[in-house]
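As stored in final.cif (mmCIF, C-alpha atoms):
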data_final
#
loop_
_atom_site.group_PDB
_atom_site.id
_atom_site.type_symbol
_atom_site.label_atom_id
_atom_site.label_comp_id
_atom_site.auth_asym_id
_atom_site.auth_seq_id
_atom_site.Cartn_x
_atom_site.Cartn_y
_atom_site.Cartn_z
ATOM 1 C CA MET Y 1 195.070 101.623 175.445
ATOM 2 C CA THR Y 2 191.509 102.752 174.861
ATOM 3 C CA ASP Y 3 189.271 105.463 176.256
ATOM 4 C CA ARG Y 4 186.196 103.278 175.853
ATOM 5 C CA ALA Y 5 184.393 102.625 179.128
ATOM 6 C CA PRO Y 6 184.079 98.985 180.117
ATOM 7 C CA ALA Y 7 180.736 97.358 179.365
ATOM 8 C CA PRO Y 8 178.454 97.304 182.400
ATOM 9 C CA PRO Y 9 177.691 93.919 183.877
ATOM 10 C CA VAL Y 10 174.458 92.277 182.789
ATOM 11 C CA ASP Y 11 172.217 92.643 185.816
ATOM 12 C CA ALA Y 12 168.824 91.187 186.697
ATOM 13 C CA LEU Y 13 166.937 94.067 185.112
ATOM 14 C CA ASP Y 14 168.843 93.719 181.850
ATOM 15 C CA GLU Y 15 167.995 90.034 181.793
ATOM 16 C CA GLY Y 16 164.396 90.412 182.900
ATOM 17 C CA LEU Y 17 163.634 93.284 180.523
ATOM 18 C CA LEU Y 18 165.213 91.511 177.539
ATOM 19 C CA LYS Y 19 167.995 94.025 176.960
ATOM 20 C CA TYR Y 20 170.384 91.421 175.590
ATOM 21 C CA ALA Y 21 168.057 88.537 174.754
ATOM 22 C CA ASP Y 22 167.486 87.303 171.221
ATOM 23 C CA VAL Y 23 164.111 88.998 171.025
ATOM 24 C CA THR Y 24 161.520 89.404 168.314
ATOM 25 C CA THR Y 25 160.656 93.048 167.748
ATOM 26 C CA VAL Y 26 156.995 93.634 166.926
ATOM 27 C CA HIS Y 27 155.710 96.982 165.667
ATOM 28 C CA LEU Y 28 151.973 97.143 166.366
ATOM 29 C CA ILE Y 29 150.547 99.726 163.955
ATOM 30 C CA ARG Y 30 147.005 100.997 164.167
ATOM 31 C CA HIS Y 31 145.321 101.395 160.806
ATOM 32 C CA ALA Y 32 144.885 104.767 159.083
ATOM 33 C CA GLN Y 33 141.694 106.777 159.477
ATOM 34 C CA GLN Y 34 138.636 105.160 157.925
ATOM 35 C CA ASP Y 35 135.728 106.895 156.231
ATOM 36 C CA TYR Y 36 133.374 106.777 159.192
ATOM 37 C CA PRO Y 37 129.844 105.694 158.208
ATOM 38 C CA ARG Y 38 126.806 107.504 159.558
ATOM 39 C CA GLY Y 39 125.168 106.219 162.743
ATOM 40 C CA GLY Y 40 122.102 104.006 162.621
ATOM 41 C CA ARG Y 41 123.420 101.931 159.703
ATOM 42 C CA PRO Y 42 123.122 98.115 159.565
ATOM 43 C CA ILE Y 43 125.992 96.387 161.362
ATOM 44 C CA GLY Y 44 127.165 94.715 158.163
ATOM 45 C CA GLU Y 45 127.694 98.098 156.502
ATOM 46 C CA VAL Y 46 129.928 99.619 159.182
ATOM 47 C CA VAL Y 47 132.362 96.789 159.920
ATOM 48 C CA ASP Y 48 134.796 97.412 157.054
ATOM 49 C CA PRO Y 49 134.773 101.014 155.775
ATOM 50 C CA PRO Y 50 137.427 102.289 153.325
ATOM 51 C CA LEU Y 51 140.115 104.823 154.191
ATOM 52 C CA SER Y 52 139.234 108.497 154.316
ATOM 53 C CA PRO Y 53 141.247 111.082 152.323
ATOM 54 C CA ILE Y 54 143.180 111.826 155.521
ATOM 55 C CA GLY Y 55 143.774 108.102 155.949
ATOM 56 C CA GLU Y 56 145.246 107.918 152.464
ATOM 57 C CA ARG Y 57 147.802 110.564 153.422
ATOM 58 C CA GLN Y 58 148.530 108.828 156.723
ATOM 59 C CA VAL Y 59 149.435 105.563 154.987
ATOM 60 C CA GLU Y 60 151.870 107.442 152.769
ATOM 61 C CA ARG Y 61 153.600 108.836 155.857
ATOM 62 C CA VAL Y 62 153.779 105.564 157.748
ATOM 63 C CA GLY Y 63 155.115 103.840 154.633
ATOM 64 C CA GLU Y 64 157.875 106.444 154.399
ATOM 65 C CA ARG Y 65 158.693 105.911 158.072
ATOM 66 C CA PHE Y 66 159.268 102.187 157.671
ATOM 67 C CA ALA Y 67 161.158 102.400 154.383
ATOM 68 C CA ALA Y 68 164.473 102.593 156.250
ATOM 69 C CA VAL Y 69 163.526 100.230 159.097
ATOM 70 C CA ARG Y 70 164.452 96.557 159.071
ATOM 71 C CA LEU Y 71 161.379 94.433 158.437
ATOM 72 C CA ASP Y 72 161.305 90.681 157.932
ATOM 73 C CA ALA Y 73 157.546 90.320 157.524
ATOM 74 C CA VAL Y 74 154.301 92.290 157.585
ATOM 75 C CA TYR Y 75 150.968 91.014 158.869
ATOM 76 C CA SER Y 76 147.509 92.552 158.924
ATOM 77 C CA SER Y 77 143.890 91.797 159.628
ATOM 78 C CA HIS Y 78 141.624 91.174 156.644
ATOM 79 C CA LEU Y 79 139.788 94.486 157.112
ATOM 80 C CA VAL Y 80 140.521 97.037 154.397
ATOM 81 C CA ARG Y 81 141.812 99.803 156.662
ATOM 82 C CA ALA Y 82 144.400 97.489 158.254
ATOM 83 C CA PHE Y 83 145.468 95.766 155.041
ATOM 84 C CA ARG Y 84 145.966 99.087 153.242
ATOM 85 C CA THR Y 85 148.109 100.293 156.151
ATOM 86 C CA GLY Y 86 150.199 97.128 156.212
ATOM 87 C CA ASP Y 87 150.627 97.241 152.445
ATOM 88 C CA ALA Y 88 152.056 100.767 152.671
ATOM 89 C CA VAL Y 89 154.414 99.718 155.476
ATOM 90 C CA GLY Y 90 155.802 96.762 153.536
ATOM 91 C CA ARG Y 91 155.988 98.317 150.077
ATOM 92 C CA ALA Y 92 159.571 99.591 150.236
ATOM 93 C CA HIS Y 93 160.682 96.122 151.345
ATOM 94 C CA GLY Y 94 158.712 94.244 148.697
ATOM 95 C CA LEU Y 95 156.566 92.719 151.439
ATOM 96 C CA VAL Y 96 152.836 92.093 151.039
ATOM 97 C CA PRO Y 97 150.922 91.665 154.306
ATOM 98 C CA THR Y 98 150.102 88.149 155.385
ATOM 99 C CA VAL Y 99 146.450 88.269 156.407
ATOM 100 C CA ASP Y 100 145.339 86.793 159.719
ATOM 101 C CA LYS Y 101 141.637 87.260 160.457
ATOM 102 C CA ASP Y 102 142.306 86.851 164.170
ATOM 103 C CA LEU Y 103 143.935 90.305 164.081
ATOM 104 C CA ARG Y 104 140.534 91.891 163.384
ATOM 105 C CA GLU Y 105 138.981 94.434 165.720
ATOM 106 C CA PHE Y 106 136.697 93.453 168.601
ATOM 107 C CA ASP Y 107 133.546 91.770 167.279
ATOM 108 C CA ILE Y 108 131.019 94.244 168.632
ATOM 109 C CA TYR Y 109 127.401 93.104 168.255
ATOM 110 C CA ARG Y 110 128.677 89.905 166.637
ATOM 111 C CA ASP Y 111 125.519 87.952 167.424
ATOM 112 C CA LEU Y 112 123.026 90.464 166.035
ATOM 113 C CA PRO Y 113 121.586 90.372 162.498
ATOM 114 C CA PRO Y 114 124.042 92.121 160.135
ATOM 115 C CA ASP Y 115 121.218 93.691 158.107
ATOM 116 C CA ARG Y 116 119.885 95.673 161.082
ATOM 117 C CA SER Y 117 121.374 98.421 163.221
ATOM 118 C CA PRO Y 118 122.063 97.741 166.917
ATOM 119 C CA GLU Y 119 119.291 100.183 167.816
ATOM 120 C CA GLU Y 120 116.828 98.216 165.709
ATOM 121 C CA SER Y 121 117.810 94.899 167.306
ATOM 122 C CA LEU Y 122 118.299 95.939 170.939
ATOM 123 C CA GLY Y 123 116.524 99.260 171.226
ATOM 124 C CA PRO Y 124 118.076 102.728 171.572
ATOM 125 C CA GLU Y 125 118.184 102.656 175.378
ATOM 126 C CA ALA Y 126 120.047 99.323 175.519
ATOM 127 C CA VAL Y 127 122.646 100.651 173.075
ATOM 128 C CA ALA Y 128 123.021 103.881 175.054
ATOM 129 C CA ARG Y 129 123.347 101.892 178.292
ATOM 130 C CA ALA Y 130 126.115 99.749 176.785
ATOM 131 C CA ARG Y 131 128.012 102.864 175.695
ATOM 132 C CA ARG Y 132 127.750 104.352 179.181
ATOM 133 C CA ALA Y 133 129.049 101.128 180.708
ATOM 134 C CA MET Y 134 131.994 101.049 178.292
ATOM 135 C CA ALA Y 135 132.853 104.667 179.085
ATOM 136 C CA ALA Y 136 132.823 103.875 182.806
ATOM 137 C CA ASP Y 137 134.584 100.484 182.850
ATOM 138 C CA LEU Y 138 136.571 100.369 179.585
ATOM 139 C CA ARG Y 139 135.611 96.697 179.292
ATOM 140 C CA TRP Y 140 134.302 95.112 176.103
ATOM 141 C CA ASP Y 141 131.951 93.010 178.200
ATOM 142 C CA SER Y 142 129.845 96.169 178.432
ATOM 143 C CA TYR Y 143 128.357 95.315 175.032
ATOM 144 C CA PRO Y 144 125.662 92.613 174.773
ATOM 145 C CA ALA Y 145 125.500 90.114 171.914
ATOM 146 C CA SER Y 146 129.231 90.587 171.286
ATOM 147 C CA GLU Y 147 132.515 88.770 171.597
ATOM 148 C CA THR Y 148 133.545 88.642 175.250
ATOM 149 C CA SER Y 149 136.594 90.388 176.627
ATOM 150 C CA ALA Y 150 138.211 87.043 177.439
ATOM 151 C CA GLU Y 151 137.562 85.681 173.946
ATOM 152 C CA PHE Y 152 139.043 88.790 172.384
ATOM 153 C CA ARG Y 153 142.202 88.696 174.475
ATOM 154 C CA VAL Y 154 142.771 84.998 173.820
ATOM 155 C CA ARG Y 155 142.223 85.452 170.073
ATOM 156 C CA VAL Y 156 144.609 88.393 169.795
ATOM 157 C CA ASP Y 157 147.323 86.875 171.983
ATOM 158 C CA ALA Y 158 147.222 83.623 170.018
ATOM 159 C CA ALA Y 159 147.518 85.471 166.694
ATOM 160 C CA ILE Y 160 150.503 87.562 167.750
ATOM 161 C CA GLY Y 161 152.031 84.532 169.448
ATOM 162 C CA ARG Y 162 151.926 82.638 166.151
ATOM 163 C CA ILE Y 163 153.599 85.544 164.379
ATOM 164 C CA VAL Y 164 156.399 85.730 166.937
ATOM 165 C CA ALA Y 165 156.927 81.963 166.807
ATOM 166 C CA ALA Y 166 157.278 82.130 163.030
ATOM 167 C CA HIS Y 167 159.953 84.852 163.188
ATOM 168 C CA PRO Y 168 162.272 84.290 166.172
ATOM 169 C CA GLY Y 169 164.680 87.194 166.464
ATOM 170 C CA GLY Y 170 162.913 88.992 163.618
ATOM 171 C CA HIS Y 171 161.508 92.475 163.098
ATOM 172 C CA ILE Y 172 157.804 92.318 162.306
ATOM 173 C CA ALA Y 173 155.120 94.897 161.488
ATOM 174 C CA VAL Y 174 151.539 94.093 162.437
ATOM 175 C CA ALA Y 175 148.915 96.436 160.985
ATOM 176 C CA CYS Y 176 145.823 96.033 163.093
ATOM 177 C CA HIS Y 177 143.385 97.948 165.297
ATOM 178 C CA GLY Y 178 143.353 100.013 168.456
ATOM 179 C CA GLY Y 179 141.394 97.407 170.347
ATOM 180 C CA VAL Y 180 143.824 94.687 169.288
ATOM 181 C CA ILE Y 181 146.859 96.655 170.477
ATOM 182 C CA ASN Y 182 145.193 97.411 173.812
ATOM 183 C CA ALA Y 183 144.011 93.829 174.302
ATOM 184 C CA PHE Y 184 147.477 92.380 173.681
ATOM 185 C CA LEU Y 185 149.194 94.792 176.050
ATOM 186 C CA ALA Y 186 146.452 94.630 178.704
ATOM 187 C CA HIS Y 187 146.724 90.846 178.720
ATOM 188 C CA HIS Y 188 150.490 90.852 179.220
ATOM 189 C CA LEU Y 189 150.535 93.776 181.654
ATOM 190 C CA GLY Y 190 147.778 92.251 183.796
ATOM 191 C CA MET Y 191 145.355 95.137 183.352
ATOM 192 C CA ARG Y 192 141.611 94.838 183.974
ATOM 193 C CA ALA Y 193 140.643 97.535 181.457
ATOM 194 C CA ASP Y 194 140.530 96.325 177.877
ATOM 195 C CA MET Y 195 141.212 99.836 176.584
ATOM 196 C CA PHE Y 196 143.739 101.876 178.553
ATOM 197 C CA PHE Y 197 145.100 104.258 175.902
ATOM 198 C CA ARG Y 198 143.771 105.733 172.656
ATOM 199 C CA ALA Y 199 145.990 104.634 169.798
ATOM 200 C CA ALA Y 200 146.188 107.293 167.087
ATOM 201 C CA HIS Y 201 145.742 106.402 163.437
ATOM 202 C CA THR Y 202 148.980 104.844 162.082
ATOM 203 C CA SER Y 203 150.604 105.196 165.489
ATOM 204 C CA VAL Y 204 153.357 102.683 166.236
ATOM 205 C CA THR Y 205 153.605 100.763 169.494
ATOM 206 C CA THR Y 206 156.727 98.608 169.666
ATOM 207 C CA VAL Y 207 157.262 95.600 171.929
ATOM 208 C CA ARG Y 208 160.120 93.179 172.466
ATOM 209 C CA VAL Y 209 159.054 89.558 172.847
ATOM 210 C CA HIS Y 210 160.964 86.533 174.080
ATOM 211 C CA GLY Y 211 159.086 83.406 175.063
ATOM 212 C CA HIS Y 212 156.074 84.475 177.098
ATOM 213 C CA ARG Y 213 157.618 87.790 178.127
ATOM 214 C CA VAL Y 214 156.513 91.001 176.426
ATOM 215 C CA VAL Y 215 158.381 94.249 177.152
ATOM 216 C CA PRO Y 216 156.982 97.523 175.759
ATOM 217 C CA GLU Y 217 159.551 99.747 174.086
ATOM 218 C CA SER Y 218 157.390 102.634 172.859
ATOM 219 C CA PHE Y 219 153.717 103.611 172.905
ATOM 220 C CA ASN Y 220 151.591 105.433 170.355
ATOM 221 C CA ASP Y 221 154.501 106.961 168.397
ATOM 222 C CA ARG Y 222 153.165 109.425 165.814
ATOM 223 C CA SER Y 223 156.420 111.175 164.907
ATOM 224 C CA HIS Y 224 155.961 110.365 161.201
ATOM 225 C CA LEU Y 225 152.810 112.540 161.201
ATOM 226 C CA SER Y 226 154.529 115.632 162.598
ATOM 227 C CA GLY Y 227 154.253 118.850 160.653
ATOM 228 C CA ASP Y 228 150.616 118.406 159.630
ATOM 229 C CA GLU Y 229 148.080 118.687 162.444
ATOM 230 C CA ARG Y 230 145.325 117.365 160.149
ATOM 231 C CA LEU Y 231 146.959 113.937 160.225
ATOM 232 C CA LEU Y 232 147.015 113.616 164.013
ATOM 233 C CA THR Y 233 143.669 111.862 164.317
ATOM 234 C CA TYR Y 234 142.273 109.307 166.722
#
Re-express the file's structure as structure tokens.
Amino acid sequence: MTDRAPAPPVDALDEGLLKYADVTTVHLIRHAQQDYPRGGRPIGEVVDPPLSPIGERQVERVGERFAAVRLDAVYSSHLVRAFRTGDAVGRAHGLVPTVDKDLREFDIYRDLPPDRSPEESLGPEAVARARRAMAADLRWDSYPASETSAEFRVRVDAAIGRIVAAHPGGHIAVACHGGVINAFLAHHLGMRADMFFRAAHTSVTTVRVHGHRVVPESFNDRSHLSGDERLLTY
């Protein structure tokens, strides 16, 4: 005789929300804080800044968080801030991030000369108008001479899809960018806005994936940064 309650039946919600499926768990981790360059710089000089001193401390914390978490692989974009974050996450497991350039951030002003600032190429008013449109619509299509929203979503979804296909039933960390995390979730949740939440630096958003179904488990978790308000940056 046992006092254990009988297991509940597997209902439609359990099945639909992947409670018992052989899922792949993906931890989408935004990079640590970068050393923000000054405005008005050439586009080529602001795409890939290094981590700031705060960012260096953030990667220590997120590495400590994942030291006791099962990880089968770590991926990152090729940009320094993402690779450094992924490297910290995988270190305790002896995992070096596999780089996938399709995990890079939205290609803003992609089609402009890299040796000139956007203001120099388009004019200050056009740049200000694009920023106002983005603030109002939260759509990457607000920016001229850039990757389109549709291109970005397809690129990101294909990259994460390849990762999931390579690790069925695995636990994967993907160190990437706030725009990437939003684009992936917006695509699967059927949202018009490309950006619908502000991912904090080194925040963790976890999803369960099976086939074409993506079920969010947690959003923007920053618990590893608790105790030091200086680290809670966006």
| task | Tell me, as a list in words, which residues lie within 9 Å of segment 160-163 of chain Y, counting all atoms listed in the file; anything in the same chain fewer than 3 positions away does not count. | result |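 What passes the distance filter is Val26, Tyr75, Asp102, Leu103, Arg155, Val156, Asp157, Ala166, His167, Pro168, Ile172, Val174, Phe184 and His212 of chain Y.
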| message | Could you list, as a PyMOL selection string, every residue within 9 Å of Phe106 of chain Y, counting all atoms listed in the file and ignoring same-chain residues fewer than 6 positions away? | response | chain Y and resi 140+146-149+152+177+179-180
Selection to disk with C-alpha atoms, as a PDB file, in the coordinates of the input:
ATOM      1  CA  TRP Y 140     134.302  95.112 176.103  1.00  0.00           C
ATOM      2  CA  SER Y 146     129.231  90.587 171.286  1.00  0.00           C
ATOM      3  CA  GLU Y 147     132.515  88.770 171.597  1.00  0.00           C
ATOM      4  CA  THR Y 148     133.545  88.642 175.250  1.00  0.00           C
ATOM      5  CA  SER Y 149     136.594  90.388 176.627  1.00  0.00           C
ATOM      6  CA  PHE Y 152     139.043  88.790 172.384  1.00  0.00           C
ATOM      7  CA  HIS Y 177     143.385  97.948 165.297  1.00  0.00           C
ATOM      8  CA  GLY Y 179     141.394  97.407 170.347  1.00  0.00           C
ATOM      9  CA  VAL Y 180     143.824  94.687 169.288  1.00  0.00           C
TER      10      VAL Y 180
END
| Residue with smallest distance to Thr206 of chain Y - pool Y:Glu15, Y:Asp194, Y:Asp221, Y:Asp141, counting only C-alpha atoms |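 Of the candidates, the smallest distance to Thr206 of chain Y is held by Y:Asp221.
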| request: Starting from the displayed file, determine the output of the PyMOL selection byres ((chain Y and resi 234) around 8) and express the residue list as a PyMOL selection string. | output: chain Y and resi 33+198-201+232-233
| Residue nearest Ile43 of chain Y - candidates Y:Leu112, Y:Val215, Y:Ala92, Y:Ile29, atoms counted: all atoms listed in the file |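 Under the stated criterion, the closest residue is Y:Leu112.
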| task | Could you tell me which residues the PyMOL selection byres ((chain Y and resi 82) around 12) grabs in this file, written as a count of residues only? | result | 46
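Going from atom CA of Pro114 of chain Y to atom CA of Asp137 of chain Y covers 26.4 Å.
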| request: Taking the file as shown, find all residues satisfying the PyMOL selection byres ((chain Y and resi 118-135) around 12) and write them as a PyMOL selection string. | output: chain Y and resi 39-46+108-117+136-146+149+193-196
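Distances from Y:Val164, Y:Ile181, Y:Arg208, Y:Val23 to Asn220 of chain Y were compared using only C-alpha atoms, and the smallest one belongs to Y:Ile181.
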| said: I'd like the interatomic distance between atom CA of Leu18 of chain Y and atom CA of Ser218 of chain Y, to a tenth of an Å. | reply: 14.4 Å
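Restricting the calculation to only C-alpha atoms, the smallest distance between Asp107 of chain Y and any of Y:Val214, Y:Leu225, Y:Val47, Y:Val207 is found for Y:Val47.
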| request: May I ask for the distance between atom CA of Arg91 of chain Y and atom CA of Thr25 of chain Y, given in Å to one decimal place? | output: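 Atom-to-atom, atom CA of Arg91 of chain Y to atom CA of Thr25 of chain Y, that is 19.0 Å.
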What are the centre and the three edge lengths of an axis-aligned box that wraps all atoms of segment 126-144 of chain Y in the file, given that 4 Å is added to every side, written as JSON and rounded to one decimal in Å?
{"center_x": 128.3, "center_y": 98.6, "center_z": 178.0, "size_x": 24.5, "size_y": 20.1, "size_z": 17.8}
| task | May I ask which of the residues Y:Gly94, Y:Pro216, Y:Gly227, Y:Gly170 is the closest one to Thr24 of chain Y, counting all atoms listed in the file? | result | Y:Gly170
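Shortest separation to Val69 of chain Y among Y:His27, Y:Glu217, Y:Met191, Y:Asp35 occurs at residue Y:His27, atoms counted being only C-alpha atoms.
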